[in-house]
$ cat run.cif   # mmCIF, C-alpha atoms
data_structure
loop_
_atom_site.group_PDB
_atom_site.id
_atom_site.type_symbol
_atom_site.label_atom_id
_atom_site.label_comp_id
_atom_site.auth_asym_id
_atom_site.auth_seq_id
_atom_site.Cartn_x
_atom_site.Cartn_y
_atom_site.Cartn_z
ATOM 1 C CA MET A 93 326.242 252.036 -2.095
ATOM 2 C CA ALA A 94 322.431 252.015 -2.289
ATOM 3 C CA ARG A 95 320.406 254.198 -0.021
ATOM 4 C CA PRO A 96 318.349 252.241 2.535
ATOM 5 C CA ASP A 97 315.023 253.682 1.359
ATOM 6 C CA LYS A 98 315.714 252.650 -2.250
ATOM 7 C CA ALA A 99 316.880 249.194 -1.179
ATOM 8 C CA ALA A 100 313.670 248.770 0.820
ATOM 9 C CA ALA A 101 311.577 249.892 -2.163
ATOM 10 C CA VAL A 102 313.346 247.394 -4.441
ATOM 11 C CA ALA A 103 312.841 244.606 -1.901
ATOM 12 C CA GLU A 104 309.145 245.432 -1.568
ATOM 13 C CA LEU A 105 308.638 245.505 -5.346
ATOM 14 C CA ALA A 106 310.552 242.238 -5.764
ATOM 15 C CA ASP A 107 308.271 240.626 -3.167
ATOM 16 C CA GLN A 108 305.221 241.897 -5.036
ATOM 17 C CA PHE A 109 306.538 240.449 -8.307
ATOM 18 C CA ARG A 110 307.190 237.079 -6.613
ATOM 19 C CA SER A 111 303.836 236.891 -4.818
ATOM 20 C CA SER A 112 301.630 237.961 -7.710
ATOM 21 C CA ASN A 113 300.200 235.741 -10.449
ATOM 22 C CA ALA A 114 300.505 238.532 -12.989
ATOM 23 C CA ALA A 115 301.885 242.025 -13.360
ATOM 24 C CA VAL A 116 300.728 244.475 -16.019
ATOM 25 C CA LEU A 117 302.760 247.558 -16.896
ATOM 26 C CA THR A 118 300.897 250.651 -18.028
ATOM 27 C CA GLU A 119 301.640 254.219 -18.961
ATOM 28 C CA TYR A 120 299.400 256.628 -17.095
ATOM 29 C CA ARG A 121 300.541 259.957 -18.592
ATOM 30 C CA GLY A 122 297.678 262.472 -18.597
ATOM 31 C CA LEU A 123 295.439 260.728 -16.052
ATOM 32 C CA THR A 124 294.212 262.668 -13.060
ATOM 33 C CA VAL A 125 294.371 261.447 -9.479
ATOM 34 C CA ALA A 126 290.605 260.857 -9.546
ATOM 35 C CA GLN A 127 290.923 258.759 -12.697
ATOM 36 C CA LEU A 128 293.705 256.685 -11.114
ATOM 37 C CA LYS A 129 291.475 256.115 -8.092
ATOM 38 C CA THR A 130 288.684 254.924 -10.401
ATOM 39 C CA LEU A 131 291.154 252.638 -12.177
ATOM 40 C CA ARG A 132 292.266 251.087 -8.886
ATOM 41 C CA ARG A 133 288.629 250.324 -8.030
ATOM 42 C CA SER A 134 287.949 248.821 -11.470
ATOM 43 C CA LEU A 135 290.810 246.324 -11.124
ATOM 44 C CA GLY A 136 289.051 244.398 -8.386
ATOM 45 C CA GLU A 137 290.033 243.314 -4.924
ATOM 46 C CA ASN A 138 292.868 241.033 -6.011
ATOM 47 C CA ALA A 139 295.020 243.668 -7.683
ATOM 48 C CA GLN A 140 297.178 246.552 -6.515
ATOM 49 C CA TYR A 141 297.951 249.406 -8.884
ATOM 50 C CA ALA A 142 301.086 251.338 -8.028
ATOM 51 C CA VAL A 143 302.967 254.161 -9.714
ATOM 52 C CA VAL A 144 306.615 253.077 -9.732
ATOM 53 C CA LYS A 145 310.070 254.345 -10.564
ATOM 54 C CA ASN A 146 311.413 252.626 -13.674
ATOM 55 C CA THR A 147 314.964 251.967 -12.489
ATOM 56 C CA LEU A 148 313.944 250.556 -9.115
ATOM 57 C CA THR A 149 311.181 248.432 -10.624
ATOM 58 C CA LYS A 150 313.502 247.061 -13.301
ATOM 59 C CA ILE A 151 315.998 246.041 -10.604
ATOM 60 C CA ALA A 152 313.195 244.473 -8.532
ATOM 61 C CA ALA A 153 311.819 242.543 -11.527
ATOM 62 C CA ASN A 154 315.280 241.197 -12.314
ATOM 63 C CA GLU A 155 315.735 240.167 -8.655
ATOM 64 C CA ALA A 156 312.399 238.334 -8.869
ATOM 65 C CA GLY A 157 313.625 236.478 -11.968
ATOM 66 C CA ILE A 158 311.616 238.487 -14.503
ATOM 67 C CA ASP A 159 313.798 240.007 -17.187
ATOM 68 C CA ALA A 160 311.330 240.021 -20.092
ATOM 69 C CA LEU A 161 309.950 243.417 -19.069
ATOM 70 C CA ASP A 162 313.204 245.381 -19.307
ATOM 71 C CA ASP A 163 312.215 247.149 -22.558
ATOM 72 C CA LEU A 164 308.914 248.364 -21.071
ATOM 73 C CA PHE A 165 310.417 250.518 -18.331
ATOM 74 C CA SER A 166 310.330 253.890 -20.049
ATOM 75 C CA GLY A 167 308.130 256.895 -19.505
ATOM 76 C CA PRO A 168 305.713 257.197 -16.597
ATOM 77 C CA THR A 169 305.051 253.624 -15.503
ATOM 78 C CA ALA A 170 302.554 252.041 -13.161
ATOM 79 C CA VAL A 171 302.216 248.344 -12.394
ATOM 80 C CA ALA A 172 299.096 246.364 -11.598
ATOM 81 C CA PHE A 173 300.135 243.451 -9.370
ATOM 82 C CA VAL A 174 297.458 240.742 -9.624
ATOM 83 C CA THR A 175 297.215 238.079 -6.918
ATOM 84 C CA GLY A 176 293.854 236.592 -7.939
ATOM 85 C CA ASP A 177 292.144 236.069 -11.261
ATOM 86 C CA PRO A 178 294.201 237.881 -13.932
ATOM 87 C CA VAL A 179 291.231 237.929 -16.331
ATOM 88 C CA GLU A 180 289.226 240.206 -14.036
ATOM 89 C CA SER A 181 292.078 242.702 -13.757
ATOM 90 C CA ALA A 182 292.806 242.566 -17.489
ATOM 91 C CA LYS A 183 289.133 243.346 -18.163
ATOM 92 C CA GLY A 184 289.279 246.261 -15.733
ATOM 93 C CA LEU A 185 292.353 247.678 -17.482
ATOM 94 C CA ARG A 186 290.894 247.152 -20.963
ATOM 95 C CA ASP A 187 287.559 248.752 -20.095
ATOM 96 C CA PHE A 188 289.205 251.693 -18.353
ATOM 97 C CA ALA A 189 291.553 252.215 -21.332
ATOM 98 C CA LYS A 190 288.530 252.321 -23.678
ATOM 99 C CA ASP A 191 287.029 255.188 -21.668
ATOM 100 C CA ASN A 192 290.392 256.872 -20.970
ATOM 101 C CA PRO A 193 292.735 256.702 -23.967
ATOM 102 C CA ASN A 194 295.569 258.179 -21.865
ATOM 103 C CA LEU A 195 296.023 254.796 -20.192
ATOM 104 C CA ILE A 196 298.297 252.684 -22.366
ATOM 105 C CA ILE A 197 298.873 249.011 -21.601
ATOM 106 C CA LYS A 198 302.541 248.321 -22.309
ATOM 107 C CA GLY A 199 302.718 244.611 -21.536
ATOM 108 C CA GLY A 200 303.149 242.343 -18.595
ATOM 109 C CA VAL A 201 303.938 238.949 -17.220
ATOM 110 C CA LEU A 202 301.637 236.055 -16.324
ATOM 111 C CA ASP A 203 303.044 233.154 -14.296
ATOM 112 C CA GLY A 204 306.568 234.023 -15.435
ATOM 113 C CA LYS A 205 305.675 234.299 -19.148
ATOM 114 C CA ALA A 206 305.962 237.687 -20.837
ATOM 115 C CA LEU A 207 302.788 239.076 -22.399
ATOM 116 C CA SER A 208 302.450 241.786 -25.015
ATOM 117 C CA ALA A 209 299.730 244.423 -24.822
ATOM 118 C CA ASP A 210 297.698 242.507 -27.423
ATOM 119 C CA GLU A 211 297.948 239.286 -25.400
ATOM 120 C CA ILE A 212 296.686 241.107 -22.325
ATOM 121 C CA LYS A 213 293.709 242.364 -24.345
ATOM 122 C CA LYS A 214 293.035 238.786 -25.490
ATOM 123 C CA LEU A 215 293.238 237.672 -21.866
ATOM 124 C CA ALA A 216 290.595 240.276 -21.060
ATOM 125 C CA ASP A 217 288.296 238.738 -23.670
ATOM 126 C CA LEU A 218 288.258 235.429 -21.774
ATOM 127 C CA GLU A 219 285.476 234.675 -19.354
ATOM 128 C CA SER A 220 286.288 234.693 -15.675
ATOM 129 C CA ARG A 221 287.616 231.621 -13.913
ATOM 130 C CA GLU A 222 284.297 231.032 -12.129
ATOM 131 C CA VAL A 223 282.323 231.101 -15.387
ATOM 132 C CA LEU A 224 284.745 228.712 -17.092
ATOM 133 C CA LEU A 225 284.637 226.318 -14.124
ATOM 134 C CA SER A 226 280.839 226.352 -14.057
ATOM 135 C CA LYS A 227 280.728 225.634 -17.800
ATOM 136 C CA LEU A 228 283.135 222.741 -17.295
ATOM 137 C CA ALA A 229 281.027 221.373 -14.438
ATOM 138 C CA GLY A 230 277.905 221.665 -16.592
ATOM 139 C CA ALA A 231 279.610 219.782 -19.411
ATOM 140 C CA PHE A 232 280.651 216.993 -17.031
ATOM 141 C CA LYS A 233 277.153 216.777 -15.599
ATOM 142 C CA GLY A 234 275.674 216.631 -19.091
ATOM 143 C CA LYS A 235 278.004 213.799 -20.092
ATOM 144 C CA GLN A 236 277.116 211.873 -16.923
ATOM 145 C CA THR A 237 273.419 212.285 -17.675
ATOM 146 C CA GLN A 238 273.944 211.034 -21.223
ATOM 147 C CA ALA A 239 275.877 208.021 -19.947
ATOM 148 C CA ALA A 240 273.126 207.202 -17.429
ATOM 149 C CA GLN A 241 270.514 207.376 -20.176
ATOM 150 C CA VAL A 242 272.556 204.991 -22.349
ATOM 151 C CA PHE A 243 272.982 202.520 -19.497
ATOM 152 C CA GLN A 244 269.251 202.665 -18.720
ATOM 153 C CA ALA A 245 268.347 202.240 -22.385
ATOM 154 C CA LEU A 246 270.304 198.994 -22.834
ATOM 155 C CA PRO A 247 268.221 196.782 -20.476
ATOM 156 C CA SER A 248 264.919 198.290 -21.618
ATOM 157 C CA LYS A 249 265.876 197.779 -25.269
ATOM 158 C CA PHE A 250 266.803 194.151 -24.497
ATOM 159 C CA VAL A 251 263.412 193.593 -22.825
ATOM 160 C CA ARG A 252 261.549 195.133 -25.780
ATOM 161 C CA THR A 253 263.529 192.986 -28.250
ATOM 162 C CA ALA A 254 262.854 189.801 -26.279
ATOM 163 C CA GLU A 255 259.145 190.644 -26.086
ATOM 164 C CA ALA A 256 259.036 191.283 -29.850
ATOM 165 C CA LEU A 257 260.704 187.928 -30.546
ATOM 166 C CA ARG A 258 258.231 186.110 -28.259
ATOM 167 C CA ALA A 259 255.276 187.805 -29.983
ATOM 168 C CA LYS A 260 256.671 186.881 -33.412
ATOM 169 C CA LYS A 261 257.031 183.215 -32.385
ATOM 170 C CA GLU A 262 253.452 183.116 -31.188
ATOM 171 C CA GLU A 263 252.256 184.487 -34.519
ATOM 172 C CA GLN A 264 254.254 181.933 -36.515
ATOM 173 C CA GLY A 265 252.894 178.839 -34.956
ATOM 174 C CA GLY A 266 252.699 178.910 -31.258
ATOM 175 C CA ALA A 267 255.103 179.264 -28.464
ATOM 176 C CA GLY A 268 255.509 175.507 -27.832
ATOM 177 C CA THR A 269 256.621 174.510 -31.354
ATOM 178 C CA PRO A 270 260.244 173.435 -31.305
ATOM 179 C CA ALA A 271 262.598 174.941 -33.779
ATOM 180 C CA PRO A 272 263.623 172.719 -36.717
ATOM 181 C CA ALA A 273 266.682 170.643 -35.948
ATOM 182 C CA GLU A 274 269.821 171.137 -37.945
ATOM 183 C CA ALA A 275 270.912 168.621 -40.527
ATOM 184 C CA ALA A 276 271.710 165.374 -38.782
ATOM 185 C CA GLU A 277 274.997 163.797 -38.362
#
$ encode --input "run.cif" --output "structure tokens"
Amino acid sequence: MARPDKAAAVAELADQFRSSNAAVLTEYRGLTVAQLKTLRRSLGENAQYAVVKNTLTKIAANEAGIDALDDLFSGPTAVAFVTGDPVESAKGLRDFAKDNPNLIIKGGVLDGKALSADEIKKLADLESREVLLSKLAGAFKGKQTQAAQVFQALPSKFVRTAEALRAKKEEQGGAGTPAPAEAAE
């Protein structure tokens, strides 16, 4: 029979797994309390970094439907639960790990899909959601501007062509001269 405090901890962790967009498992062996505090700040507002017990967290992840992380629950483990933009948190972890080699990214999960440590580092190399959306909006605006220029060019090109034809007719013999008739019936 499970102790009530452990059952509550498992339930809380399972809720965090369900409510987060991503979860990144790290090994924090050798980091000081001050360094962990700095790491928590570097993850951004949309992430919680918690030192967890492996057995309880493994049970909670399985209850939340995440079983791809089972092999990663060994050694001192901490989990970054990300509820916002996972790119921002991945960048925070990557940058902190560069300065503090004691932090090891083990792997994680993003929207139910397991990620290796290398995939998390690739995720960190992406630009943030806001930057990507602004680039997409700029591309759409640019295409709309190009389309408007094409639509404006068509009538003006038609007018210039008609004016050139009229000027050519005047040069060839006057505007009132009828065109030669086709071969008769």
$ residues_around --input "run.cif" --residues "Gly184 of chain A" --least-positions-apart "6" --cutoff "10 Å" --atoms "all atoms listed in the file" --output "list in words"
Leu131, Arg132, Arg133, Ser134, Leu135, Gly136, Pro178 and Ala216 of chain A
$ resolve_selection --input "run.cif" --expression "the PyMOL selection byres ((chain A and resi 208) around 10)" --output "PDB file with C-alpha atoms, in the coordinates of the input"
ATOM      1  CA  VAL A 116     300.728 244.475 -16.019  1.00  0.00           C
ATOM      2  CA  LEU A 117     302.760 247.558 -16.896  1.00  0.00           C
ATOM      3  CA  LEU A 161     309.950 243.417 -19.069  1.00  0.00           C
ATOM      4  CA  ILE A 197     298.873 249.011 -21.601  1.00  0.00           C
ATOM      5  CA  LYS A 198     302.541 248.321 -22.309  1.00  0.00           C
ATOM      6  CA  GLY A 199     302.718 244.611 -21.536  1.00  0.00           C
ATOM      7  CA  GLY A 200     303.149 242.343 -18.595  1.00  0.00           C
ATOM      8  CA  VAL A 201     303.938 238.949 -17.220  1.00  0.00           C
ATOM      9  CA  ALA A 206     305.962 237.687 -20.837  1.00  0.00           C
ATOM     10  CA  LEU A 207     302.788 239.076 -22.399  1.00  0.00           C
ATOM     11  CA  ALA A 209     299.730 244.423 -24.822  1.00  0.00           C
ATOM     12  CA  ASP A 210     297.698 242.507 -27.423  1.00  0.00           C
ATOM     13  CA  GLU A 211     297.948 239.286 -25.400  1.00  0.00           C
ATOM     14  CA  ILE A 212     296.686 241.107 -22.325  1.00  0.00           C
ATOM     15  CA  LYS A 213     293.709 242.364 -24.345  1.00  0.00           C
ATOM     16  CA  LYS A 214     293.035 238.786 -25.490  1.00  0.00           C
TER      17      LYS A 214
END
$ closest_residue --input "run.cif" --among "A:Asn146, A:Leu215, A:Asp177, A:Leu246" --to "Asp163 of chain A" --atoms "only C-alpha atoms"
A:Asn146
$ atom_distance --input "run.cif" --atom1 "atom CA of Pro193 of chain A" --atom2 "atom CA of Leu128 of chain A"
12.9 Å
$ residues_around --input "run.cif" --residues "Asp159 of chain A" --least-positions-apart "4" --cutoff "9 Å" --atoms "all atoms listed in the file" --output "PyMOL selection string"
chain A and resi 150+153-155+206
$ resolve_selection --input "run.cif" --expression "the PyMOL selection byres ((chain A and resi 165) around 10)" --output "ChimeraX atom specification"
/A:117-119,144-150,161-164,166-170,198
$ write_last_selection --input "run.cif" --atoms "C-alpha atoms" --output "PDB file, in the frame of the given file"
ATOM      1  CA  LEU A 117     302.760 247.558 -16.896  1.00  0.00           C
ATOM      2  CA  THR A 118     300.897 250.651 -18.028  1.00  0.00           C
ATOM      3  CA  GLU A 119     301.640 254.219 -18.961  1.00  0.00           C
ATOM      4  CA  VAL A 144     306.615 253.077  -9.732  1.00  0.00           C
ATOM      5  CA  LYS A 145     310.070 254.345 -10.564  1.00  0.00           C
ATOM      6  CA  ASN A 146     311.413 252.626 -13.674  1.00  0.00           C
ATOM      7  CA  THR A 147     314.964 251.967 -12.489  1.00  0.00           C
ATOM      8  CA  LEU A 148     313.944 250.556  -9.115  1.00  0.00           C
ATOM      9  CA  THR A 149     311.181 248.432 -10.624  1.00  0.00           C
ATOM     10  CA  LYS A 150     313.502 247.061 -13.301  1.00  0.00           C
ATOM     11  CA  LEU A 161     309.950 243.417 -19.069  1.00  0.00           C
ATOM     12  CA  ASP A 162     313.204 245.381 -19.307  1.00  0.00           C
ATOM     13  CA  ASP A 163     312.215 247.149 -22.558  1.00  0.00           C
ATOM     14  CA  LEU A 164     308.914 248.364 -21.071  1.00  0.00           C
ATOM     15  CA  SER A 166     310.330 253.890 -20.049  1.00  0.00           C
ATOM     16  CA  GLY A 167     308.130 256.895 -19.505  1.00  0.00           C
ATOM     17  CA  PRO A 168     305.713 257.197 -16.597  1.00  0.00           C
ATOM     18  CA  THR A 169     305.051 253.624 -15.503  1.00  0.00           C
ATOM     19  CA  ALA A 170     302.554 252.041 -13.161  1.00  0.00           C
ATOM     20  CA  LYS A 198     302.541 248.321 -22.309  1.00  0.00           C
TER      21      LYS A 198
END
$ resolve_selection --input "run.cif" --expression "the PyMOL selection byres ((chain A and resi 108) around 10)" --output "PyMOL selection string"
chain A and resi 102-107+109-115+140+152-153+156+173-175
$ build_atoms --input "run.cif" --residues "segment 205-240 of chain A" --atoms "N, CA and C atoms" --output "mmCIF file, in the frame of the given file"
data_model
loop_
_atom_site.group_PDB
_atom_site.id
_atom_site.type_symbol
_atom_site.label_atom_id
_atom_site.label_comp_id
_atom_site.auth_asym_id
_atom_site.auth_seq_id
_atom_site.Cartn_x
_atom_site.Cartn_y
_atom_site.Cartn_z
ATOM 1 N N LYS A 205 305.621 234.182 -17.688
ATOM 2 C CA LYS A 205 305.675 234.299 -19.148
ATOM 3 C C LYS A 205 305.349 235.740 -19.533
ATOM 4 N N ALA A 206 306.187 236.315 -20.397
ATOM 5 C CA ALA A 206 305.962 237.687 -20.837
ATOM 6 C C ALA A 206 304.741 237.763 -21.740
ATOM 7 N N LEU A 207 303.970 238.839 -21.578
ATOM 8 C CA LEU A 207 302.788 239.076 -22.399
ATOM 9 C C LEU A 207 302.897 240.442 -23.066
ATOM 10 N N SER A 208 302.512 240.502 -24.324
ATOM 11 C CA SER A 208 302.450 241.786 -25.015
ATOM 12 C C SER A 208 301.124 242.462 -24.658
ATOM 13 N N ALA A 209 300.974 243.701 -25.084
ATOM 14 C CA ALA A 209 299.730 244.423 -24.822
ATOM 15 C C ALA A 209 298.554 243.727 -25.502
ATOM 16 N N ASP A 210 298.768 243.212 -26.708
ATOM 17 C CA ASP A 210 297.698 242.507 -27.423
ATOM 18 C C ASP A 210 297.294 241.220 -26.699
ATOM 19 N N GLU A 211 298.267 240.517 -26.138
ATOM 20 C CA GLU A 211 297.948 239.286 -25.400
ATOM 21 C C GLU A 211 297.159 239.593 -24.131
ATOM 22 N N ILE A 212 297.443 240.716 -23.512
ATOM 23 C CA ILE A 212 296.686 241.107 -22.325
ATOM 24 C C ILE A 212 295.252 241.433 -22.716
ATOM 25 N N LYS A 213 295.066 242.071 -23.871
ATOM 26 C CA LYS A 213 293.709 242.364 -24.345
ATOM 27 C C LYS A 213 292.964 241.080 -24.690
ATOM 28 N N LYS A 214 293.661 240.084 -25.220
ATOM 29 C CA LYS A 214 293.035 238.786 -25.490
ATOM 30 C C LYS A 214 292.669 238.096 -24.183
ATOM 31 N N LEU A 215 293.530 238.229 -23.182
ATOM 32 C CA LEU A 215 293.238 237.672 -21.866
ATOM 33 C C LEU A 215 291.975 238.304 -21.296
ATOM 34 N N ALA A 216 291.786 239.586 -21.548
ATOM 35 C CA ALA A 216 290.595 240.276 -21.060
ATOM 36 C C ALA A 216 289.330 239.780 -21.747
ATOM 37 N N ASP A 217 289.459 239.238 -22.948
ATOM 38 C CA ASP A 217 288.296 238.738 -23.670
ATOM 39 C C ASP A 217 287.816 237.382 -23.149
ATOM 40 N N LEU A 218 288.660 236.708 -22.356
ATOM 41 C CA LEU A 218 288.258 235.429 -21.774
ATOM 42 C C LEU A 218 287.186 235.653 -20.713
ATOM 43 N N GLU A 219 286.436 234.599 -20.447
ATOM 44 C CA GLU A 219 285.476 234.675 -19.354
ATOM 45 C C GLU A 219 286.218 234.428 -18.051
ATOM 46 N N SER A 220 285.622 234.827 -16.961
ATOM 47 C CA SER A 220 286.288 234.693 -15.675
ATOM 48 C C SER A 220 286.452 233.221 -15.303
ATOM 49 N N ARG A 221 287.312 232.989 -14.352
ATOM 50 C CA ARG A 221 287.616 231.621 -13.913
ATOM 51 C C ARG A 221 286.358 230.913 -13.423
ATOM 52 N N GLU A 222 285.513 231.626 -12.679
ATOM 53 C CA GLU A 222 284.297 231.032 -12.129
ATOM 54 C C GLU A 222 283.346 230.607 -13.244
ATOM 55 N N VAL A 223 283.216 231.437 -14.269
ATOM 56 C CA VAL A 223 282.323 231.101 -15.387
ATOM 57 C C VAL A 223 282.853 229.885 -16.136
ATOM 58 N N LEU A 224 284.164 229.856 -16.383
ATOM 59 C CA LEU A 224 284.745 228.712 -17.092
ATOM 60 C C LEU A 224 284.598 227.419 -16.285
ATOM 61 N N LEU A 225 284.792 227.508 -14.964
ATOM 62 C CA LEU A 225 284.637 226.318 -14.124
ATOM 63 C C LEU A 225 283.192 225.837 -14.098
ATOM 64 N N SER A 226 282.247 226.768 -14.064
ATOM 65 C CA SER A 226 280.839 226.352 -14.057
ATOM 66 C C SER A 226 280.450 225.732 -15.392
ATOM 67 N N LYS A 227 280.998 226.247 -16.491
ATOM 68 C CA LYS A 227 280.728 225.634 -17.800
ATOM 69 C C LYS A 227 281.319 224.225 -17.867
ATOM 70 N N LEU A 228 282.504 224.057 -17.319
ATOM 71 C CA LEU A 228 283.135 222.741 -17.295
ATOM 72 C C LEU A 228 282.319 221.773 -16.446
ATOM 73 N N ALA A 229 281.854 222.227 -15.296
ATOM 74 C CA ALA A 229 281.027 221.373 -14.438
ATOM 75 C C ALA A 229 279.726 221.008 -15.139
ATOM 76 N N GLY A 230 279.127 221.949 -15.843
ATOM 77 C CA GLY A 230 277.905 221.665 -16.592
ATOM 78 C C GLY A 230 278.137 220.649 -17.691
ATOM 79 N N ALA A 231 279.289 220.750 -18.358
ATOM 80 C CA ALA A 231 279.610 219.782 -19.411
ATOM 81 C C ALA A 231 279.789 218.384 -18.820
ATOM 82 N N PHE A 232 280.481 218.295 -17.679
ATOM 83 C CA PHE A 232 280.651 216.993 -17.031
ATOM 84 C C PHE A 232 279.319 216.411 -16.603
ATOM 85 N N LYS A 233 278.467 217.254 -16.042
ATOM 86 C CA LYS A 233 277.153 216.777 -15.599
ATOM 87 C C LYS A 233 276.330 216.301 -16.787
ATOM 88 N N GLY A 234 276.400 217.026 -17.891
ATOM 89 C CA GLY A 234 275.674 216.631 -19.091
ATOM 90 C C GLY A 234 276.154 215.290 -19.625
ATOM 91 N N LYS A 235 277.451 215.082 -19.613
ATOM 92 C CA LYS A 235 278.004 213.799 -20.092
ATOM 93 C C LYS A 235 277.586 212.657 -19.165
ATOM 94 N N GLN A 236 277.550 212.907 -17.865
ATOM 95 C CA GLN A 236 277.116 211.873 -16.923
ATOM 96 C C GLN A 236 275.650 211.526 -17.149
ATOM 97 N N THR A 237 274.843 212.522 -17.415
ATOM 98 C CA THR A 237 273.419 212.285 -17.675
ATOM 99 C C THR A 237 273.244 211.469 -18.947
ATOM 100 N N GLN A 238 274.014 211.801 -19.977
ATOM 101 C CA GLN A 238 273.944 211.034 -21.223
ATOM 102 C C GLN A 238 274.363 209.586 -20.996
ATOM 103 N N ALA A 239 275.413 209.378 -20.225
ATOM 104 C CA ALA A 239 275.877 208.021 -19.947
ATOM 105 C C ALA A 239 274.818 207.245 -19.166
ATOM 106 N N ALA A 240 274.177 207.880 -18.193
ATOM 107 C CA ALA A 240 273.126 207.202 -17.429
ATOM 108 C C ALA A 240 271.960 206.821 -18.324
#
